[in-house]
$ cat target_7.txt   # compact mmCIF, C-alpha atoms
# COMPACT_ATOMS: atom_id res chain seq x y z
CA MET A 1 18.26 176.70 37.11
CA SER A 2 21.76 178.12 36.62
CA ASP A 3 24.16 176.23 34.38
CA VAL A 4 27.18 177.82 36.04
CA PRO A 5 29.31 175.00 37.48
CA THR A 6 29.85 175.03 41.23
CA ALA A 7 33.36 176.08 42.20
CA ILE A 8 35.43 173.43 43.96
CA ARG A 9 37.50 174.03 47.06
CA THR A 10 39.96 171.36 48.07
CA VAL A 11 41.29 170.59 51.53
CA GLY A 12 44.45 168.55 51.87
CA ILE A 13 44.70 166.75 55.19
CA ILE A 14 48.21 165.50 55.73
CA ALA A 15 48.90 163.24 58.69
CA ASP A 16 51.68 161.42 60.46
CA PRO A 17 51.73 157.68 59.73
CA GLY A 18 49.94 155.80 62.47
CA ILE A 19 46.89 156.84 64.43
CA ALA A 20 46.82 160.35 62.90
CA GLN A 21 46.63 158.92 59.38
CA THR A 22 44.03 156.36 60.45
CA LEU A 23 41.81 159.05 61.95
CA ALA A 24 42.25 161.31 58.92
CA SER A 25 41.23 158.52 56.53
CA ARG A 26 38.20 157.59 58.60
CA ALA A 27 37.10 161.21 58.94
CA SER A 28 37.57 162.35 55.34
CA GLN A 29 34.24 161.28 53.79
CA LYS A 30 32.12 162.36 56.76
CA LEU A 31 33.95 165.68 56.88
CA GLU A 32 33.37 166.24 53.18
CA ASP A 33 29.65 165.53 53.60
CA ARG A 34 29.45 167.89 56.56
CA LEU A 35 31.19 170.72 54.70
CA ASN A 36 28.98 170.38 51.65
CA GLN A 37 25.90 170.55 53.86
CA ALA A 38 26.89 173.29 56.27
CA VAL A 39 29.68 175.64 55.25
CA ASP A 40 28.97 177.38 51.94
CA ALA A 41 26.56 176.07 49.33
CA SER A 42 28.27 178.09 46.61
CA TYR A 43 31.27 175.76 46.78
CA LYS A 44 31.69 172.04 46.47
CA TRP A 45 34.21 170.75 48.97
CA LYS A 46 36.66 167.94 48.29
CA ILE A 47 38.82 166.32 50.98
CA HIS A 48 42.12 164.65 50.16
CA VAL A 49 44.22 162.69 52.67
CA ASP A 50 47.93 161.98 52.37
CA SER A 51 50.63 160.78 54.74
CA TYR A 52 53.59 163.03 55.56
CA THR A 53 55.88 163.52 58.52
CA LEU A 54 57.07 167.09 58.95
CA PRO A 55 60.21 168.20 60.81
CA MET A 56 59.97 169.72 64.28
CA GLY A 57 61.89 172.70 65.61
CA LYS A 58 63.76 172.81 68.92
CA SER A 59 60.88 174.74 70.50
CA GLY A 60 58.52 171.79 69.89
CA ARG A 61 56.78 173.51 66.99
CA VAL A 62 56.00 171.60 63.80
CA ALA A 63 57.33 173.36 60.71
CA LEU A 64 54.26 173.50 58.44
CA ASN A 65 54.06 177.00 56.95
CA ASP A 66 57.42 176.89 55.19
CA LYS A 67 56.34 173.56 53.58
CA VAL A 68 52.95 174.85 52.43
CA PRO A 69 54.15 176.33 49.09
CA THR A 70 55.78 173.03 48.13
CA LEU A 71 52.72 171.01 49.12
CA ARG A 72 50.35 173.40 47.35
CA GLU A 73 52.45 173.36 44.18
CA LYS A 74 52.50 169.57 44.23
CA HIS A 75 48.80 168.96 44.98
CA GLY A 76 46.99 172.23 44.23
CA TRP A 77 45.08 172.22 47.51
CA ASN A 78 43.29 175.40 48.61
CA TYR A 79 43.68 174.62 52.31
CA ILE A 80 46.15 172.39 54.12
CA ILE A 81 45.64 170.87 57.58
CA TYR A 82 48.29 168.81 59.28
CA LEU A 83 47.38 166.16 61.87
CA THR A 84 50.41 165.36 64.00
CA ASP A 85 50.64 162.56 66.57
CA VAL A 86 53.09 164.42 68.82
CA PRO A 87 52.37 167.24 71.30
CA HIS A 88 52.70 170.65 69.66
CA TYR A 89 54.19 173.54 71.64
CA VAL A 90 53.87 177.22 70.72
CA GLN A 91 54.97 180.07 72.99
CA ASP A 92 56.03 177.44 75.55
CA ARG A 93 52.45 176.16 75.81
CA PRO A 94 50.89 172.91 74.61
CA VAL A 95 48.38 173.71 71.89
CA ARG A 96 45.48 171.99 70.22
CA SER A 97 45.64 173.89 66.95
CA VAL A 98 47.48 176.66 65.12
CA VAL A 99 45.68 178.54 62.34
CA SER A 100 47.63 180.47 59.70
CA TYR A 101 45.31 182.75 57.72
CA GLN A 102 48.08 183.92 55.41
CA GLU A 103 49.07 180.40 54.36
CA SER A 104 45.51 178.99 54.56
CA SER A 105 46.86 176.21 56.72
CA ALA A 106 46.43 174.76 60.20
CA VAL A 107 47.97 172.20 62.54
CA ILE A 108 46.03 169.94 64.90
CA SER A 109 47.80 167.99 67.62
CA VAL A 110 45.94 164.68 67.86
CA PRO A 111 47.11 163.95 71.46
CA SER A 112 45.47 167.19 72.61
CA LEU A 113 42.08 165.63 71.80
CA GLY A 114 42.61 162.92 74.41
CA PHE A 115 40.43 159.86 73.82
CA ALA A 116 37.96 161.88 71.76
CA ARG A 117 35.66 160.08 69.36
CA LEU A 118 35.96 160.48 65.62
CA SER A 119 32.99 162.86 65.63
CA VAL A 120 34.94 165.26 67.85
CA LEU A 121 37.85 165.34 65.40
CA ILE A 122 35.44 165.96 62.51
CA LYS A 123 33.89 168.83 64.46
CA HIS A 124 37.31 170.42 65.06
CA LEU A 125 38.31 169.99 61.42
CA ALA A 126 35.07 171.53 60.17
CA LYS A 127 35.53 174.56 62.45
CA LEU A 128 39.12 175.07 61.28
CA ILE A 129 38.15 174.84 57.62
CA GLN A 130 35.31 177.31 58.13
CA GLU A 131 37.71 179.65 59.91
CA LEU A 132 40.29 179.40 57.13
CA SER A 133 37.70 179.93 54.40
CA THR A 134 36.10 182.96 56.07
CA GLY A 135 39.14 184.41 57.86
CA GLN A 136 36.98 184.83 60.96
CA PRO A 137 38.00 183.29 64.30
CA PRO A 138 35.31 181.50 66.33
CA VAL A 139 33.20 183.51 68.74
CA ALA A 140 34.68 183.68 72.24
CA PRO A 141 32.83 181.95 75.12
CA PRO A 142 29.89 184.21 76.07
CA SER A 143 30.39 184.10 79.83
CA GLN A 144 33.20 184.32 82.35
CA LEU A 145 32.10 180.99 83.83
CA ARG A 146 32.58 179.17 80.54
CA LYS A 147 35.99 180.78 80.16
CA LYS A 148 37.01 179.53 83.59
CA ILE A 149 35.87 175.94 83.09
CA SER A 150 37.18 175.68 79.52
CA ILE A 151 40.48 173.87 79.01
CA GLU A 152 41.16 175.93 75.87
CA ALA A 153 42.38 179.49 75.40
CA SER A 154 42.69 181.47 72.18
CA LEU A 155 45.68 183.78 71.69
CA PRO A 156 47.64 185.34 68.83
CA ASP A 157 50.63 183.47 67.48
CA GLY A 158 53.84 185.01 68.79
CA GLU A 159 55.70 184.52 65.51
CA GLN A 160 52.82 185.55 63.26
CA SER A 161 50.54 187.85 65.27
CA GLN A 162 47.82 187.69 62.63
CA ASP A 163 47.51 183.93 63.18
CA ARG A 164 45.68 182.22 66.02
CA VAL A 165 46.68 179.56 68.53
CA THR A 166 44.35 177.43 70.64
CA SER A 167 46.28 176.42 73.75
CA ILE A 168 45.51 173.74 76.34
CA GLU A 169 45.20 175.12 79.85
CA GLY A 170 45.14 173.78 83.39
CA LEU A 171 45.46 170.38 84.97
CA ARG A 172 42.50 168.94 83.08
CA GLY A 173 44.07 169.95 79.82
CA ARG A 174 47.36 168.26 80.76
CA LEU A 175 45.56 165.07 81.82
CA LEU A 176 43.70 165.07 78.51
CA LEU A 177 47.02 165.50 76.71
CA ILE A 178 48.56 162.55 78.58
CA GLY A 179 45.57 160.38 77.67
CA GLY A 180 45.92 161.39 74.02
CA MET A 181 49.65 160.63 74.09
CA ILE A 182 48.99 157.14 75.41
CA ARG A 183 46.44 156.65 72.65
CA SER A 184 48.93 157.85 70.03
CA ASN A 185 51.59 155.50 71.43
CA ARG A 186 49.14 152.63 70.89
CA PRO A 187 50.27 150.32 73.72
CA TRP A 188 48.71 147.31 71.99
CA ARG A 189 51.20 147.79 69.15
CA LEU A 190 54.09 147.43 71.60
CA VAL A 191 53.22 143.81 72.48
CA PRO A 192 54.24 142.30 69.08
CA LYS A 193 57.56 144.14 69.37
CA LEU A 194 58.22 142.22 72.58
CA SER A 195 58.11 138.80 70.95
CA SER A 196 61.14 137.51 72.87
CA ALA A 197 59.61 138.67 76.14
CA MET A 198 56.36 136.91 75.25
CA ALA A 199 58.24 133.72 74.41
CA GLY A 200 60.00 133.86 77.77
CA ALA A 201 56.70 134.44 79.54
CA VAL A 202 55.03 131.46 77.85
CA ALA A 203 57.99 129.18 78.61
CA THR A 204 58.11 130.19 82.27
CA GLY A 205 54.34 130.08 82.66
CA ALA A 206 54.07 126.67 81.00
CA PHE A 207 56.65 125.31 83.43
CA GLY A 208 54.51 126.63 86.28
CA VAL A 209 51.36 125.03 84.88
CA PHE A 210 52.93 121.56 84.81
CA TYR A 211 54.80 121.81 88.12
CA THR A 212 52.76 120.22 90.90
CA SER A 213 54.13 122.48 93.64
CA ILE A 214 52.64 125.46 91.75
CA TRP A 215 49.28 123.66 91.75
CA SER A 216 49.32 123.42 95.53
CA MET A 217 50.52 127.01 95.96
CA ALA A 218 47.83 128.37 93.61
CA ASP A 219 45.21 126.40 95.52
CA TYR A 220 46.47 127.67 98.88
CA LEU A 221 46.95 131.37 98.14
CA SER A 222 44.08 133.78 98.76
CA THR A 223 42.57 135.94 96.03
CA PRO A 224 44.12 139.18 97.42
CA ARG A 225 47.53 137.49 97.53
CA LEU A 226 47.22 136.30 93.93
CA ALA A 227 46.14 139.80 92.88
CA SER A 228 49.13 141.38 94.63
CA ILE A 229 51.50 138.95 92.87
CA THR A 230 49.93 139.94 89.56
CA VAL A 231 50.41 143.65 90.25
CA PHE A 232 53.99 143.01 91.35
CA SER A 233 54.81 141.07 88.18
CA ILE A 234 53.38 143.83 85.94
CA LEU A 235 55.35 146.47 87.85
CA VAL A 236 58.58 144.47 87.56
CA LEU A 237 58.19 143.97 83.81
CA THR A 238 57.27 147.64 83.34
CA LEU A 239 60.33 148.80 85.26
CA TRP A 240 62.59 146.37 83.42
CA LEU A 241 61.36 147.52 80.01
CA LEU A 242 61.81 151.17 80.97
CA LEU A 243 65.37 150.68 82.20
CA HIS A 244 66.61 148.09 79.71
CA ASN A 245 65.29 149.96 76.67
CA ARG A 246 66.27 153.39 78.06
CA LEU A 247 62.71 154.66 77.74
CA TRP A 248 62.99 157.37 80.39
CA GLU A 249 62.43 160.49 78.34
CA LYS A 250 64.53 163.65 78.36
CA PRO A 251 62.66 166.12 76.15
CA GLU A 252 64.57 168.96 74.57
CA GLY A 253 63.46 172.53 73.94
CA SER A 254 61.11 174.73 75.92
CA ARG A 255 59.11 173.79 79.04
CA ARG A 256 61.47 170.89 79.69
CA ARG A 257 60.27 170.29 83.26
CA GLU A 258 56.61 170.13 82.29
CA ARG A 259 57.31 167.98 79.27
CA LEU A 260 59.54 165.71 81.36
CA ILE A 261 56.59 164.95 83.62
CA ILE A 262 54.00 164.67 80.85
CA TYR A 263 56.13 162.59 78.49
CA ASN A 264 57.36 160.16 81.14
CA THR A 265 53.90 159.73 82.65
CA ALA A 266 52.61 158.81 79.18
CA THR A 267 55.57 156.47 78.61
CA VAL A 268 55.21 154.66 81.94
CA LEU A 269 51.47 154.19 81.45
CA THR A 270 52.01 153.04 77.85
CA VAL A 271 54.51 150.37 78.92
CA ALA A 272 52.34 149.34 81.89
CA LEU A 273 49.33 148.90 79.60
CA ALA A 274 51.44 146.87 77.17
CA ALA A 275 52.62 144.67 80.06
CA SER A 276 49.01 144.25 81.19
CA ALA A 277 47.94 143.27 77.68
CA MET A 278 50.77 140.73 77.58
CA TYR A 279 49.57 139.35 80.92
CA ILE A 280 46.00 138.91 79.64
CA LEU A 281 47.19 137.08 76.51
CA LEU A 282 49.45 134.89 78.62
CA PHE A 283 46.63 134.07 81.03
CA ILE A 284 44.31 133.05 78.19
CA ALA A 285 46.99 130.78 76.70
CA LEU A 286 47.87 129.14 80.03
CA MET A 287 44.23 128.74 81.03
CA ALA A 288 43.49 126.96 77.78
CA GLY A 289 46.61 124.82 78.14
CA SER A 290 45.67 123.84 81.71
CA LEU A 291 42.17 122.80 80.73
CA ILE A 292 43.42 120.76 77.78
CA VAL A 293 46.43 119.03 79.33
CA ILE A 294 45.68 118.56 83.05
CA ASP A 295 43.08 115.91 83.76
CA GLN A 296 40.52 116.99 86.32
CA ASP A 297 40.73 113.76 88.36
CA TYR A 298 44.52 113.90 88.43
CA LEU A 299 44.46 117.53 89.60
CA ALA A 300 41.95 116.56 92.31
CA SER A 301 44.21 113.72 93.50
CA GLN A 302 47.14 116.10 93.81
CA LEU A 303 45.14 118.74 95.69
CA ALA A 304 43.30 116.18 97.81
CA HIS A 305 39.88 117.69 97.17
CA GLU A 306 37.38 118.07 94.36
CA VAL A 307 38.29 120.63 91.73
CA GLY A 308 36.35 122.83 89.36
CA LEU A 309 36.94 125.75 87.08
CA ALA A 310 38.08 127.93 90.00
CA GLU A 311 41.14 125.74 90.64
CA TYR A 312 42.16 125.88 86.99
CA PHE A 313 41.62 129.64 87.06
CA ASN A 314 43.87 130.12 90.11
CA LEU A 315 46.53 127.87 88.59
CA ALA A 316 46.62 129.88 85.35
CA TRP A 317 46.52 133.09 87.40
CA LEU A 318 49.64 132.25 89.43
CA ALA A 319 51.47 130.73 86.46
CA SER A 320 50.81 133.87 84.40
CA SER A 321 52.28 136.06 87.12
CA LEU A 322 55.39 133.88 87.31
CA GLY A 323 55.60 133.83 83.53
CA LEU A 324 55.46 137.60 83.32
CA LEU A 325 58.40 137.81 85.73
CA GLY A 326 60.31 135.47 83.43
CA SER A 327 59.45 137.60 80.42
CA ALA A 328 61.79 140.32 81.68
CA VAL A 329 64.76 138.12 80.80
CA GLY A 330 63.32 137.37 77.37
CA SER A 331 62.80 141.08 76.67
CA SER A 332 66.59 141.53 76.68
CA PHE A 333 66.64 139.93 73.23
CA ASP A 334 64.06 142.26 71.69
CA ASP A 335 65.08 145.06 69.33
CA VAL A 336 65.69 148.11 71.54
CA ALA A 337 65.25 150.58 68.66
CA ARG A 338 61.81 149.21 67.80
CA VAL A 339 60.68 149.49 71.41
CA GLN A 340 62.07 153.01 71.72
CA ARG A 341 60.03 154.19 68.76
CA ALA A 342 56.91 153.66 70.86
CA THR A 343 57.89 156.72 72.91
CA PHE A 344 57.57 160.39 72.04
CA SER A 345 61.15 161.50 72.71
CA GLN A 346 62.58 159.08 70.16
CA ARG A 347 60.08 160.16 67.51
CA GLU A 348 60.77 163.82 68.31
CA TYR A 349 64.53 163.24 68.06
CA GLU A 350 64.09 161.71 64.62
CA ARG A 351 61.89 164.59 63.50
CA ARG A 352 64.29 167.26 64.74
CA ASN A 353 66.99 165.73 62.56
CA MET A 354 64.99 164.81 59.46
CA GLU A 355 65.05 166.46 56.06
CA PHE A 356 61.62 166.98 54.53
CA SER A 357 61.02 165.75 51.00
CA ILE A 358 57.67 165.16 49.33
CA ASP A 359 59.03 162.18 47.42
CA ASN A 360 60.66 160.67 50.52
CA SER A 361 57.55 161.21 52.61
CA GLU A 362 55.39 159.49 50.06
CA ALA A 363 57.83 156.61 49.94
CA ASP A 364 57.80 156.27 53.71
CA SER A 365 54.02 156.27 53.85
CA ALA A 366 53.58 153.66 51.16

$ encode --input "target_7.txt" --output "C-alpha cells"
Amino acid sequence: MSDVPTAIRTVGIIADPGIAQTLASRASQKLEDRLNQAVDASYKWKIHVDSYTLPMGKSGRVALNDKVPTLREKHGWNYIIYLTDVPHYVQDRPVRSVVSYQESSAVISVPSLGFARLSVLIKHLAKLIQELSTGQPPVAPPSQLRKKISIEASLPDGEQSQDRVTSIEGLRGRLLLIGGMIRSNRPWRLVPKLSSAMAGAVATGAFGVFYTSIWSMADYLSTPRLASITVFSILVLTLWLLLHNRLWEKPEGSRRRERLIIYNTATVLTVALAASAMYILLFIALMAGSLIVIDQDYLASQLAHEVGLAEYFNLAWLASSLGLLGSAVGSSFDDVARVQRATFSQREYERRNMEFSIDNSEADSA
C-alpha cells in the first residue's frame, strides 16, 4: 500500500443568502460524498460553503470571474461555483450555468432549475465540477430528437469564447424559470412581512364571525358563490399589494420585453400565493374561534335549523373572505421596502449598485 498522501482538491460554493444558501448547505455533504466516489480516486474532494452576494452588470450577468482572484486568495479554493437566486442572462438569453475554464469557476442560476429536488442540484454541481477538473464539456445529446425536446442548449460564451454557456430554450424553459423564480421569492416568507394586513384581516373576520347577519348569509349562500367570493377577495388583496407597494417590475438591461413578462408573472403569482397562504391561516383562526365561542344551540336558534360542522365551516369561510378584503387597508401600514425586497427587480437594483467586499459580504451573511 502506498504511503503517498492523497492530494486534496477544494471546491468553494458561494451562494446568495436565502434559498440558494440553504440549498448549498444541504447539498454540500452529499456532493462531497458523490465526488469522492465517482470523479477521480486520486484526489480527495472537500466542499466548502459560504454566503456572498455578487454585483450584477446591466446586461443581467453576474460578475464572478473578476472576483475569483480575491476569493481564491482569501480561501485557497481550487474551484469556485456561485449559486445565485436571480435569473442570469448571457448573450441576451436566460442561462442555467456559465463555465469558465480559465478561472476554474462556474455560475448556476437556481431559478433555472425550477422546482427541482435537491438531488437534481447535486447532479448539476457534480457535472460542473467534473467539467472544470477535466476541462472537457459534457457530451452533446446523441440524437436530433433529444436536441429538439431538450430545454437546454450549449454554446460558447460571447465574452470568453473558450468558456461554455448552458442556455434555457423554448416555452418550457421559460415556464420552468418562472416556477424557479417563485420558489426563490419564497411566498411564505412574505406573509410575516404583512403583519398589519394580517391584523386587519383578523379584526374584520372576527367581526364577521360574531355578527348574526353574516351567520344567516353564510348559511344561505351556495358553495360556488362562497368559492367565488374567496377568489375575488384573494384577487383584490393581490392587486392592492401590487399597486400599493409598487411591485410591478420594470427590468433593466437586455431582453427587457421578455424579462418584463417573466418577472411580473413571477411577482404576481408570488403575491397571489402569499395572499392565499394568508387566507388559509385566517380561515384556521376563525374556524377555531367560531367553534370555541359560538354555542351550537345558540347558532341553531339563530338559523332556525339544526347545525353541524358544515355551518361553522361556511361561517368561517365567508368571514375569512370578508377579512381578507379588510386586510388590504391594514397592508397600507406595512413596510413597503420589506415587501419590495420579495421581488426580483428590487434585488437586481440593489445588486447593480452594490460594491463587492469579502468582509462586507461575510458580515451581511452572518

$ residues_near_point --input "target_7.txt" --point "(42.7, 178.8, 54.3)" --cutoff "6 Å" --atoms "only C-alpha atoms" --output "ChimeraX atom specification"
/A:79,101,104-105,132-133

$ closest_residue --input "target_7.txt" --among "A:Arg9, A:Arg225, A:Arg186, A:Arg34" --to "Asp85 of chain A" --atoms "only C-alpha atoms"
A:Arg186

$ residues_around --input "target_7.txt" --residues "segment 299-301 of chain A" --least-positions-apart "6" --cutoff "10 Å" --atoms "all atoms listed in the file" --output "PyMOL selection string"
chain A and resi 212+215-216+307-308+311-312

$ residues_around --input "target_7.txt" --residues "Ser119 of chain A" --least-positions-apart "6" --cutoff "10 Å" --atoms "only C-alpha atoms" --output "PyMOL selection string"
chain A and resi 27+30-31+125

$ closest_residue --input "target_7.txt" --among "A:Ile294, A:Ala106, A:Met278, A:Ala20" --to "Gln130 of chain A" --atoms "only C-alpha atoms"
A:Ala106

$ closest_residue --input "target_7.txt" --among "A:Ser154, A:Thr267, A:Thr166, A:Thr230" --to "Val107 of chain A" --atoms "only C-alpha atoms"
A:Thr166

$ residues_near_point --input "target_7.txt" --point "(50.8, 155.9, 61.9)" --cutoff "12 Å" --atoms "all atoms listed in the file" --output "number ranges by chain"
A: 14-25, 50-53, 83-86, 110, 183-186, 189, 341-342, 347, 364-366

$ atom_distance --input "target_7.txt" --atom1 "atom CA of Ser195 of chain A" --atom2 "atom CA of Val236 of chain A"
17.6 Å

$ residues_around --input "target_7.txt" --residues "Met287 of chain A" --least-positions-apart "6" --cutoff "8 Å" --atoms "only C-alpha atoms" --output "list in words"
Tyr312, Phe313, Leu315 and Ala316 of chain A

$ write_last_selection --input "target_7.txt" --atoms "C-alpha atoms" --output "mmCIF file, keeping the file's coordinate frame"
data_model
loop_
_atom_site.group_PDB
_atom_site.id
_atom_site.type_symbol
_atom_site.label_atom_id
_atom_site.label_comp_id
_atom_site.auth_asym_id
_atom_site.auth_seq_id
_atom_site.Cartn_x
_atom_site.Cartn_y
_atom_site.Cartn_z
ATOM 1 C CA TYR A 312 42.160 125.880 86.990
ATOM 2 C CA PHE A 313 41.620 129.640 87.060
ATOM 3 C CA LEU A 315 46.530 127.870 88.590
ATOM 4 C CA ALA A 316 46.620 129.880 85.350
#

$ residues_around --input "target_7.txt" --residues "Arg172 of chain A" --least-positions-apart "6" --cutoff "12 Å" --atoms "all atoms listed in the file" --output "number ranges by chain"
A: 112-114, 148-152, 178-179

$ closest_residue --input "target_7.txt" --among "A:Thr10, A:Gln302, A:Gln91, A:Gln102" --to "Lys44 of chain A" --atoms "all atoms listed in the file"
A:Thr10

$ residues_around --input "target_7.txt" --residues "Arg174 of chain A" --least-positions-apart "3" --cutoff "12 Å" --atoms "all atoms listed in the file" --output "list in words"
Pro87, Arg93, Pro94, Val95, Arg96, Pro111, Ser112, Leu113, Gly114, Ile151, Glu152, Ser167, Ile168, Glu169, Gly170, Leu171, Leu177, Ile178, Gly179, Gly180, Met181, Glu258, Arg259, Ile261, Ile262, Tyr263, Thr265 and Ala266 of chain A

$ atom_distance --input "target_7.txt" --atom1 "atom CA of Gly12 of chain A" --atom2 "atom CA of Ile80 of chain A"
4.8 Å

$ atom_distance --input "target_7.txt" --atom1 "atom CA of Leu260 of chain A" --atom2 "atom CA of Asn245 of chain A"
17.4 Å

$ closest_residue --input "target_7.txt" --among "A:Ala274, A:Leu318, A:Ala304, A:Leu175" --to "Ile234 of chain A" --atoms "all atoms listed in the file"
A:Ala274

$ closest_residue --input "target_7.txt" --among "A:Ser290, A:Ser327, A:Ser109, A:Ser228" --to "Val202 of chain A" --atoms "all atoms listed in the file"
A:Ser327
